[in-house]
Amino acid sequence: MLVLKLLLSLLTLLPTDARWQRIETDQHISFLFPNNVQKLQRKTNGIPSYIYQTKDLTCVFGVVCSDFSNQKISFSDPNHALAIYEQLKKGSVDMETAILKNEQTVPYENMLIKEIEYSIIKDKYEMTYFKRFIFRNNKVYQVTIGAKTRHFDILKEEREIFFNSFLFTD
């Protein structure tokens with residue numbers, strides 16, 4: 001058991017960039033994940049969503065692409081995008097133990113990008129999550145990373161790699 005703990009501790013000292021792999025999707029997005037991706041497809045209220053998720057020893061990662069093209073709304077109208085954002089944000093932080101710690105708009109030309117940081121209590125542990133909501137071409141991309149709050153330094157480091165790797169390929 002001691003050997004296993006020592007090995008796990010040493011893994012955190014390895015350079016993180018070497019283990020990340022680029023994921024290319026049919027939804028014209030690309031991003032880095034630290035290991036193999038699990039792909040799912042769901043449809044909610046007639047809105048198709050494509051889900052990509054994985055985890056490593058410390059963090060969980062997720063990317064959800066929801067296609068609103070068949071809805072009678074347009075994200076070129078900022079009010080529509082903000083209304084959907086408020087609903088999605090509420091879905092993230094509408095839990096008894098959730099605490100919204102930060103909310104900001106990420107500056108980017110011709111796109112609305114909002115980011116939240118929140119914590120929840122899960123299985124007796126405080127978890128911290130960062131989530132970006134990107135509105136582009138009647139699609140919403142939710143990019144999420146989370147970890148136990150006690151691993152906040154690792155979470156912040158992996159957040160930078162993960163969020164900064166997100167690219168549109170069309």
# chains A, B, ... in the order shown; residues from 1 in each chain; ligands from 1
call {"tool": "residues_around", "arguments": {"residues": "range 35-49 of chain A", "least_positions_apart": "2", "cutoff": "10 Å", "atoms": "only C-alpha atoms", "output": "PyMOL selection string"}}
result
chain A and resi 19-23+25+27+32-33+51-56+61-71+139-141
call {"tool": "select_by_dssp", "arguments": {"residues": "chain A", "states": "strand (DSSP E or B)", "output": "MDAnalysis selection string"}}
result
chainID A and resid 21:24 29:33 38:44 47:55 59:67 99:105 112:122 125:136 139:148 167:168
call {"tool": "select_by_dssp", "arguments": {"residues": "range 33-157 of chain A", "states": "alpha helix (DSSP H)", "output": "PyMOL selection string"}}
result
chain A and resi 78-93+152-157
call {"tool": "write_last_selection", "arguments": {"atoms": "C-alpha atoms", "output": "PDB file, in the first residue's frame"}}
result
ATOM      1  CA  PRO A  78     -27.841  37.952 -27.040  1.00  0.00           C
ATOM      2  CA  ASN A  79     -31.063  37.827 -25.009  1.00  0.00           C
ATOM      3  CA  HIS A  80     -31.743  34.263 -26.195  1.00  0.00           C
ATOM      4  CA  ALA A  81     -28.208  33.169 -25.343  1.00  0.00           C
ATOM      5  CA  LEU A  82     -28.366  34.817 -21.908  1.00  0.00           C
ATOM      6  CA  ALA A  83     -31.737  33.183 -21.143  1.00  0.00           C
ATOM      7  CA  ILE A  84     -30.343  29.729 -21.994  1.00  0.00           C
ATOM      8  CA  TYR A  85     -27.198  30.515 -19.986  1.00  0.00           C
ATOM      9  CA  GLU A  86     -29.264  31.371 -16.898  1.00  0.00           C
ATOM     10  CA  GLN A  87     -31.143  28.058 -17.201  1.00  0.00           C
ATOM     11  CA  LEU A  88     -27.926  26.061 -17.619  1.00  0.00           C
ATOM     12  CA  LYS A  89     -26.218  27.891 -14.745  1.00  0.00           C
ATOM     13  CA  LYS A  90     -29.206  27.230 -12.512  1.00  0.00           C
ATOM     14  CA  GLY A  91     -29.015  23.532 -13.427  1.00  0.00           C
ATOM     15  CA  SER A  92     -25.394  23.485 -12.304  1.00  0.00           C
ATOM     16  CA  VAL A  93     -25.801  25.294  -9.002  1.00  0.00           C
ATOM     17  CA  PHE A 152      -7.374  22.991  -5.947  1.00  0.00           C
ATOM     18  CA  ASP A 153      -3.800  23.681  -7.142  1.00  0.00           C
ATOM     19  CA  ILE A 154      -3.856  20.656  -9.458  1.00  0.00           C
ATOM     20  CA  LEU A 155      -7.387  21.551 -10.577  1.00  0.00           C
ATOM     21  CA  LYS A 156      -6.299  25.079 -11.540  1.00  0.00           C
ATOM     22  CA  GLU A 157      -3.283  23.781 -13.440  1.00  0.00           C
TER      23      GLU A 157
END
call {"tool": "atom_distance", "arguments": {"atom1": "CA of Phe162 in chain A", "atom2": "CA of Asn102 in chain A"}}
result
18.7 Å
call {"tool": "atom_distance", "arguments": {"atom1": "CA of Phe31 in chain A", "atom2": "CA of Phe163 in chain A"}}
result
8.1 Å
call {"tool": "residues_around", "arguments": {"residues": "Arg150 in chain A", "least_positions_apart": "6", "cutoff": "12 Å", "atoms": "only C-alpha atoms", "output": "PyMOL selection string"}}
result
chain A and resi 58-59+119+125-128+156
call {"tool": "atom_distance", "arguments": {"atom1": "CA of Asp77 in chain A", "atom2": "CA of Lys114 in chain A"}}
result
15.5 Å
